[in-house]
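Source file: my_file.tsv. Holds: TSV, C-alpha atoms.
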chain	number	residue	atom	x	y	z
H	1	MET	CA	103.73	79.21	86.35
H	2	ARG	CA	106.52	80.17	88.75
H	3	TRP	CA	106.02	83.10	91.11
H	4	LYS	CA	108.56	84.51	93.54
H	5	LYS	CA	105.85	86.54	95.29
H	6	THR	CA	102.11	85.89	95.68
H	7	ILE	CA	99.59	88.31	97.17
H	8	THR	CA	95.87	87.75	97.68
H	9	MET	CA	93.35	90.57	97.90
H	10	VAL	CA	89.63	90.93	98.46
H	11	GLU	CA	88.10	93.63	96.26
H	12	ALA	CA	85.52	96.04	97.63
H	13	HIS	CA	84.17	99.51	97.00
H	14	ALA	CA	82.60	102.12	99.26
H	15	GLU	CA	79.99	104.23	97.50
H	16	GLY	CA	81.89	103.75	94.23
H	17	GLU	CA	85.51	104.11	95.40
H	18	VAL	CA	87.51	100.88	95.01
H	19	GLY	CA	89.55	99.83	98.04
H	20	ARG	CA	91.01	96.36	97.70
H	21	ILE	CA	92.32	94.67	100.86
H	22	VAL	CA	95.56	92.67	101.01
H	23	THR	CA	94.60	89.60	103.04
H	24	GLY	CA	97.56	87.31	102.32
H	25	GLY	CA	101.16	87.33	101.18
H	26	VAL	CA	102.59	90.13	103.37
H	27	LEU	CA	103.63	89.25	106.92
H	28	ASP	CA	104.58	92.70	108.24
H	29	VAL	CA	106.42	95.96	107.62
H	30	PRO	CA	109.27	97.19	109.87
H	31	GLY	CA	108.23	99.64	112.58
H	32	ARG	CA	107.05	99.75	116.19
H	33	THR	CA	103.80	101.57	115.45
H	34	MET	CA	101.59	101.94	112.38
H	35	LEU	CA	102.95	105.46	111.93
H	36	ASP	CA	106.48	104.02	111.95
H	37	LYS	CA	105.44	101.40	109.38
H	38	MET	CA	103.92	104.04	107.08
H	39	ASN	CA	107.06	106.16	107.36
H	40	HIS	CA	109.15	103.09	106.51
H	41	ILE	CA	107.17	102.62	103.30
H	42	ASN	CA	107.40	106.31	102.40
H	43	GLN	CA	110.97	107.01	103.47
H	44	VAL	CA	112.92	103.73	103.37
H	45	ASP	CA	111.48	101.04	101.06
H	46	ASP	CA	108.62	101.81	98.68
H	47	SER	CA	108.87	98.63	96.59
H	48	LEU	CA	105.80	96.88	98.05
H	49	ARG	CA	103.53	99.86	97.40
H	50	ARG	CA	104.77	100.19	93.83
H	51	PHE	CA	104.34	96.45	93.21
H	52	LEU	CA	100.72	96.58	94.38
H	53	VAL	CA	99.59	99.94	92.99
H	54	ASN	CA	101.36	100.42	89.66
H	55	GLU	CA	100.40	98.82	86.37
H	56	PRO	CA	100.21	95.99	85.32
H	57	ARG	CA	99.05	94.68	88.74
H	58	GLY	CA	97.22	97.82	89.78
H	59	CYS	CA	95.52	100.80	88.15
H	60	ALA	CA	95.01	104.48	88.83
H	61	GLN	CA	91.33	104.29	89.85
H	62	MET	CA	91.70	102.38	93.11
H	63	SER	CA	93.39	102.15	96.49
H	64	THR	CA	95.18	99.12	97.90
H	65	ASN	CA	94.94	98.62	101.65
H	66	LEU	CA	97.64	96.71	103.49
H	67	LEU	CA	96.25	94.72	106.42
H	68	LEU	CA	98.98	94.25	109.08
H	69	PRO	CA	99.32	92.85	112.61
H	70	LYS	CA	98.04	95.36	115.13
H	71	THR	CA	100.48	97.20	117.40
H	72	HIS	CA	97.90	98.78	119.73
H	73	PRO	CA	96.23	96.60	122.39
H	74	GLU	CA	92.79	98.13	121.81
H	75	ALA	CA	92.77	97.48	118.06
H	76	ASP	CA	91.07	94.60	116.24
H	77	ALA	CA	92.94	95.18	112.98
H	78	ALA	CA	95.59	97.54	111.59
H	79	TYR	CA	96.09	98.91	108.10
H	80	MET	CA	97.50	101.65	105.89
H	81	ILE	CA	96.42	102.95	102.49
H	82	PHE	CA	98.54	102.72	99.33
H	83	GLN	CA	97.90	105.29	96.60
H	84	GLY	CA	99.71	106.22	93.42
H	85	ASP	CA	102.06	108.61	95.20
H	86	LYS	CA	102.75	107.06	98.62
H	87	ALA	CA	101.26	105.38	101.69
H	88	HIS	CA	98.63	107.45	103.48
H	89	ALA	CA	97.55	107.53	107.10
H	90	MET	CA	93.77	107.38	106.92
H	91	SER	CA	90.80	107.08	104.58
H	92	GLY	CA	87.10	106.92	105.33
H	93	SER	CA	86.08	105.03	102.18
H	94	ASN	CA	88.92	102.54	102.59
H	95	SER	CA	88.02	101.99	106.24
H	96	ILE	CA	84.47	101.19	105.15
H	97	CYS	CA	85.84	98.73	102.58
H	98	LEU	CA	88.12	97.14	105.19
H	99	VAL	CA	85.41	96.66	107.82
H	100	THR	CA	83.04	95.22	105.20
H	101	VAL	CA	85.70	92.73	104.05
H	102	LEU	CA	86.75	91.76	107.58
H	103	LEU	CA	83.17	90.93	108.55
H	104	GLU	CA	81.83	89.40	105.34
H	105	THR	CA	84.85	87.08	104.92
H	106	GLY	CA	84.73	86.02	108.59
H	107	MET	CA	88.18	87.40	109.45
H	108	ILE	CA	86.36	89.11	112.33
H	109	GLU	CA	83.18	87.47	113.61
H	110	MET	CA	80.05	89.32	112.58
H	111	VAL	CA	77.60	90.09	115.39
H	112	GLU	CA	74.09	91.16	114.42
H	113	PRO	CA	72.60	93.73	114.54
H	114	GLU	CA	75.84	95.63	115.21
H	115	THR	CA	79.54	94.75	115.27
H	116	ILE	CA	82.15	97.07	116.77
H	117	VAL	CA	85.55	97.03	115.07
H	118	THR	CA	88.48	99.17	116.20
H	119	LEU	CA	90.93	99.97	113.42
H	120	GLU	CA	94.52	101.00	114.03
H	121	THR	CA	95.76	103.49	111.44
H	122	PRO	CA	98.88	105.67	111.26
H	123	ALA	CA	96.58	108.58	112.21
H	124	GLY	CA	95.36	106.76	115.36
H	125	LEU	CA	92.52	104.50	116.40
H	126	VAL	CA	89.25	104.64	114.48
H	127	ARG	CA	86.13	103.07	116.01
H	128	ALA	CA	83.76	101.52	113.46
H	129	ARG	CA	80.17	100.45	114.11
H	130	ALA	CA	78.89	98.08	111.45
H	131	ALA	CA	75.14	97.58	111.03
H	132	CYS	CA	74.74	93.91	110.06
H	133	LYS	CA	71.77	91.83	108.92
H	134	ASP	CA	71.52	88.33	107.44
H	135	GLY	CA	75.29	88.03	107.05
H	136	LYS	CA	75.59	91.36	105.24
H	137	CYS	CA	77.49	94.41	106.51
H	138	GLU	CA	74.90	96.98	105.51
H	139	ARG	CA	76.49	100.22	106.73
H	140	VAL	CA	79.69	101.28	108.48
H	141	THR	CA	79.88	104.32	110.75
H	142	LEU	CA	83.34	105.63	111.61
H	143	ASP	CA	84.43	107.84	114.49
H	144	MET	CA	87.20	109.65	112.65
H	145	PRO	CA	90.43	111.15	114.05
H	146	PRO	CA	90.20	114.62	115.63
H	147	SER	CA	90.08	117.12	112.78
H	148	TYR	CA	90.98	120.80	112.69
H	149	ALA	CA	91.20	123.84	110.43
H	150	ASP	CA	94.86	124.64	109.92
H	151	GLN	CA	94.71	127.73	107.64
H	152	LEU	CA	91.51	129.45	106.51
H	153	ASP	CA	91.40	131.58	103.36
H	154	ALA	CA	95.04	131.02	102.52
H	155	VAL	CA	96.17	132.28	99.12
H	156	VAL	CA	98.63	130.55	96.82
H	157	GLU	CA	100.02	131.63	93.47
H	158	VAL	CA	99.26	128.90	90.94
H	159	GLU	CA	100.94	128.68	87.56
H	160	GLY	CA	98.47	129.54	84.81
H	161	LEU	CA	95.72	130.36	87.32
H	162	GLY	CA	97.02	133.26	89.38
H	163	LYS	CA	95.99	133.67	93.01
H	164	VAL	CA	93.80	130.87	94.36
H	165	SER	CA	92.07	130.86	97.75
H	166	VAL	CA	92.19	127.61	99.74
H	167	ASP	CA	91.48	126.27	103.19
H	168	ILE	CA	94.00	123.88	104.73
H	169	ALA	CA	92.57	121.36	107.19
H	170	PHE	CA	93.34	117.99	108.76
H	171	GLY	CA	90.74	115.21	108.60
H	172	GLY	CA	93.03	112.23	109.22
H	173	ILE	CA	95.32	113.55	106.47
H	174	PHE	CA	95.78	117.12	105.23
H	175	TYR	CA	93.60	118.68	102.54
H	176	GLY	CA	93.56	121.80	100.46
H	177	LEU	CA	89.87	122.71	100.08
H	178	ILE	CA	88.95	124.71	96.98
H	179	ASP	CA	85.74	126.42	95.84
H	180	PRO	CA	85.39	125.50	92.13
H	181	ALA	CA	83.40	128.70	91.52
H	182	GLN	CA	86.78	130.49	91.40
H	183	PHE	CA	87.26	128.82	88.02
H	184	GLY	CA	83.67	128.97	86.77
H	185	LEU	CA	83.27	125.22	87.27
H	186	ARG	CA	80.74	122.99	88.96
H	187	ILE	CA	81.44	119.50	90.31
H	188	ALA	CA	80.10	117.20	87.60
H	189	PRO	CA	81.43	114.16	85.70
H	190	GLU	CA	81.83	116.15	82.48
H	191	ASN	CA	84.21	118.53	84.28
H	192	ALA	CA	86.37	115.78	85.79
H	193	CYS	CA	89.44	116.36	83.60
H	194	LYS	CA	89.40	120.12	84.23
H	195	LEU	CA	88.99	119.62	87.98
H	196	VAL	CA	91.88	117.15	88.04
H	197	GLU	CA	94.16	119.52	86.13
H	198	ILE	CA	93.39	122.47	88.41
H	199	GLY	CA	93.49	120.37	91.58
H	200	CYS	CA	96.93	119.00	90.73
H	201	ARG	CA	98.29	122.49	90.02
H	202	VAL	CA	96.92	123.81	93.31
H	203	HIS	CA	98.28	120.75	95.14
H	204	ARG	CA	101.81	121.50	93.96
H	205	ALA	CA	101.49	125.20	94.81
H	206	ILE	CA	100.25	124.54	98.35
H	207	ASN	CA	103.06	122.15	99.19
H	208	ALA	CA	105.63	124.54	97.70
H	209	GLN	CA	104.33	127.72	99.32
H	210	LEU	CA	102.61	126.83	102.61
H	211	GLU	CA	103.95	125.10	105.70
H	212	VAL	CA	101.63	122.23	106.59
H	213	LYS	CA	102.65	119.89	109.39
H	214	HIS	CA	100.79	117.92	112.04
H	215	PRO	CA	101.91	119.01	115.52
H	216	GLN	CA	101.83	115.47	116.95
H	217	LEU	CA	102.08	112.87	114.16
H	218	GLU	CA	105.60	112.67	112.77
H	219	GLY	CA	105.75	112.31	109.00
H	220	LEU	CA	102.35	113.89	108.30
H	221	GLU	CA	103.57	116.92	106.37
H	222	GLY	CA	102.11	118.67	103.36
H	223	ILE	CA	98.65	118.12	101.96
H	224	SER	CA	97.76	114.67	100.69
H	225	TYR	CA	94.93	115.79	98.43
H	226	THR	CA	92.98	118.76	97.19
H	227	MET	CA	89.19	118.70	97.40
H	228	PHE	CA	86.71	120.86	95.53
H	229	VAL	CA	83.80	121.79	97.78
H	230	SER	CA	80.44	123.27	96.87
H	231	HIS	CA	76.70	122.64	97.27
H	232	ASP	CA	74.17	121.20	94.85
H	233	ASP	CA	71.03	123.11	94.01
H	234	ASP	CA	69.18	121.19	96.74
H	235	GLY	CA	71.67	122.43	99.35
H	236	ILE	CA	73.46	119.09	99.83
H	237	MET	CA	77.24	119.26	100.24
H	238	LYS	CA	79.07	118.32	97.04
H	239	GLY	CA	82.73	117.34	96.89
H	240	ALA	CA	85.41	116.00	94.58
H	241	THR	CA	88.74	114.90	96.01
H	242	ILE	CA	91.70	114.96	93.61
H	243	LEU	CA	94.20	112.20	94.34
H	244	PRO	CA	97.78	112.16	92.99
H	245	PRO	CA	98.88	111.61	90.39
H	246	GLY	CA	95.58	112.73	88.89
H	247	ARG	CA	92.14	111.21	89.45
H	248	ILE	CA	88.89	111.92	91.30
H	249	ASP	CA	87.69	109.97	94.32
H	250	ARG	CA	84.44	108.28	93.34
H	251	SER	CA	83.15	108.31	96.93
H	252	PRO	CA	82.10	111.45	98.85
H	253	CYS	CA	85.42	111.07	100.80
H	254	GLY	CA	85.52	110.51	104.56
H	255	THR	CA	88.75	112.29	105.49
H	256	GLY	CA	87.97	115.13	103.09
H	257	ASN	CA	84.57	115.76	104.63
H	258	SER	CA	86.08	115.53	108.12
H	259	ALA	CA	88.46	118.33	107.09
H	260	ARG	CA	85.56	120.23	105.52
H	261	LEU	CA	83.45	119.95	108.67
H	262	ALA	CA	86.39	121.29	110.70
H	263	CYS	CA	86.50	124.39	108.50
H	264	MET	CA	82.72	124.77	108.60
H	265	HIS	CA	82.78	124.54	112.40
H	266	ALA	CA	85.58	127.11	112.62
H	267	ARG	CA	83.41	129.50	110.59
H	268	GLY	CA	80.24	128.81	112.59
H	269	GLN	CA	78.57	127.04	109.64
H	270	THR	CA	77.90	123.82	111.57
H	271	ALA	CA	77.54	122.92	115.22
H	272	GLU	CA	78.05	119.99	117.54
H	273	GLY	CA	75.39	117.37	116.82
H	274	SER	CA	74.74	118.54	113.27
H	275	THR	CA	74.52	115.91	110.51
H	276	HIS	CA	74.99	116.65	106.82
H	277	THR	CA	74.70	114.63	103.63
H	278	ALA	CA	77.86	114.68	101.52
H	279	ARG	CA	77.50	113.82	97.82
H	280	SER	CA	80.22	112.65	95.42
H	281	ILE	CA	80.80	113.39	91.74
H	282	ILE	CA	78.84	110.20	90.90
H	283	ASP	CA	76.06	111.19	93.36
H	284	SER	CA	76.81	108.53	95.99
H	285	THR	CA	76.47	109.78	99.57
H	286	PHE	CA	77.95	109.67	103.06
H	287	GLU	CA	76.33	111.02	106.19
H	288	VAL	CA	78.80	113.23	108.12
H	289	THR	CA	78.33	114.49	111.67
H	290	VAL	CA	80.11	116.70	114.20
H	291	THR	CA	79.81	114.58	117.35
H	292	GLY	CA	81.87	116.81	119.64
H	293	THR	CA	84.77	119.19	120.05
H	294	THR	CA	88.29	118.73	121.34
H	295	GLU	CA	91.80	120.11	120.86
H	296	VAL	CA	94.84	119.01	118.87
H	297	ALA	CA	98.01	120.43	120.46
H	298	GLY	CA	96.03	123.43	121.72
H	299	ARG	CA	94.16	123.99	118.44
H	300	PRO	CA	90.33	123.86	118.41
H	301	ALA	CA	89.23	120.63	116.74
H	302	ILE	CA	86.12	118.57	116.09
H	303	LEU	CA	85.25	114.89	116.40
H	304	PRO	CA	83.76	113.89	113.01
H	305	ARG	CA	81.68	110.83	112.25
H	306	VAL	CA	81.29	109.39	108.73
H	307	SER	CA	78.72	106.79	107.67
H	308	GLY	CA	78.52	104.92	104.36
H	309	ARG	CA	78.12	101.56	102.63
H	310	GLY	CA	80.59	99.07	101.19
H	311	TRP	CA	80.29	96.06	98.89
H	312	VAL	CA	82.63	93.12	98.25
H	313	HIS	CA	82.89	92.47	94.51
H	314	GLY	CA	85.75	90.05	93.98
H	315	ILE	CA	88.84	88.15	95.05
H	316	HIS	CA	92.12	88.86	93.30
H	317	GLN	CA	95.53	87.16	93.39
H	318	ILE	CA	98.66	88.65	91.85
H	319	GLY	CA	102.22	87.41	91.59
H	320	LEU	CA	105.67	88.10	90.23
H	321	ASP	CA	107.37	85.89	87.70
H	322	PRO	CA	111.14	86.22	88.23
H	323	SER	CA	111.60	86.97	84.52
H	324	ASP	CA	109.04	89.84	84.50
H	325	PRO	CA	110.85	93.03	83.36
H	326	TYR	CA	108.45	95.23	85.38
H	327	PRO	CA	108.71	93.95	88.99
H	328	LEU	CA	107.68	97.33	90.41
H	329	GLY	CA	105.29	98.23	87.61
H	330	TYR	CA	105.03	101.46	85.63
H	331	MET	CA	102.91	104.58	85.14
H	332	VAL	CA	101.88	106.14	81.82
H	333	ALA	CA	100.39	109.63	81.70
H	334	ASP	CA	97.32	108.66	79.64
H	335	CYS	CA	95.87	107.01	82.76
H	336	TRP	CA	97.98	108.43	85.60
H	337	GLY	CA	97.90	112.08	84.57
H	338	ASP	CA	100.73	114.42	85.50
H	339	ALA	CA	102.30	111.64	87.55
H	340	PHE	CA	105.94	112.49	87.45
H	341	ASP	CA	105.54	116.15	88.50
H	342	LEU	CA	103.42	115.19	91.49
H	343	LEU	CA	105.69	112.34	92.55
H	344	SER	CA	108.90	114.37	92.34
Spell out the structure here as structure tokens.
Amino acid sequence: MRWKKTITMVEAHAEGEVGRIVTGGVLDVPGRTMLDKMNHINQVDDSLRRFLVNEPRGCAQMSTNLLLPKTHPEADAAYMIFQGDKAHAMSGSNSICLVTVLLETGMIEMVEPETIVTLETPAGLVRARAACKDGKCERVTLDMPPSYADQLDAVVEVEGLGKVSVDIAFGGIFYGLIDPAQFGLRIAPENACKLVEIGCRVHRAINAQLEVKHPQLEGLEGISYTMFVSHDDDGIMKGATILPPGRIDRSPCGTGNSARLACMHARGQTAEGSTHTARSIIDSTFEVTVTGTTEVAGRPAILPRVSGRGWVHGIHQIGLDPSDPYPLGYMVADCWGDAFDLLS
């Protein structure tokens, strides 16, 4: 065996969503801040993301998280999230995976009954409180970035669907929130393919027709994901985030529910101090809370908190043989969906 590149990862999932953590093989990415580093990946050199995420070394149903040297003095660790389309600024489920891996592998010393870990992300600092017992990270609670409703009840014209009503909100990244009742659908595993198809169409329409841009974080433009939002018969919040190029988040989604809470707060449907249960398409749950209010560049915003569980399930090492004809991998639509439209 002869490899010109070797990368080691620890595999974890948070309430069903796989978020593997790169723990060795990458020294750094150019940039002064984590936002700079993310923009370098997205705008200058995307080869590392493609190597890690694309087949044959990656697969559609996962995220890969790049652990990097911190650039902020208050941080304990820094990271960004690699998906099928690009690098993203923040993720609740991936933050839960990262904290679980950092503590259970001893990269950061575990303190029982609670360990505080400050994560540096391109969207800012995220404070994590990990409940720990007998060497196990049992639950991670995240104080998420300030989140706000950007556009309520916006309407986009979607090919094959007509006019669709959406909310645009920021929860660490931008979301288009969609009520599936517009299409006579409920959020359930048997409807996954239909939800993905509709979500991808709406995603393209939003980014083509609406101006979405963070007022302070350079490079955070356009929505990252769509998210179908409803309630189960028992009143619990139900959600399904659609990630490019075409799959459903298995977790309830931390950034998505932060965006959802911001819209609920703007409509008077939740209040400071309120906690809700958020349920995923596979019925796993996060607890989500509005801990306070603030402003983002003069816009009313909330301070969301997300709590969930993560589990380490493997260690993975990948490499590149210099004769391999697919050094940056490939995507095929049977698994990756409408990849090329969404990535263009």
Exercise. Counting only C-alpha atoms, what is within 9 Å of region 168-182 of chain H, bar same-chain residues fewer than 3 positions away, as a ChimeraX atom specification?
Worked result: /H:88-92,123-124,144-154,164-165,185-187,195,199,202-203,206,212-214,220-230,241,254-263,304
Calculate, to one decimal in Å, the centre and edge lengths of the box along x, y and z of the file that holds all listed atoms of region 70-88 of chain H with 4 Å of margin on each side, and present them as lines of an AutoDock Vina configuration file.
center_x = 96.9
center_y = 101.6
center_z = 107.9
size_x = 19.7
size_y = 22.0
size_z = 37.0
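With distances taken over all atoms listed in the file, H:Asp85 is the one residue among H:Asp85, H:Asp36, H:Glu11, H:Glu138 lying closest to Gly337 (chain H).
Among the candidates H:Gln317, H:Ser307, H:Ser284, H:Thr100, the residue lying nearest to Arg57 (chain H) is H:Gln317 (atoms considered: only C-alpha atoms).
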For this session: Do a neighbour search on region 94-98 of chain H at 6 Å with only C-alpha atoms, toss out local chain neighbours closer than 2 positions, and write the hits as a PyMOL selection string.
Result: chain H and resi 12-14+19+91-92+100-101+140+310
Exercise. From the list H:Ala266, H:Ala271, H:Ile81, H:Met9, which residue is nearest Ala301 (chain H) when using all atoms listed in the file?
Worked result: H:Ala266
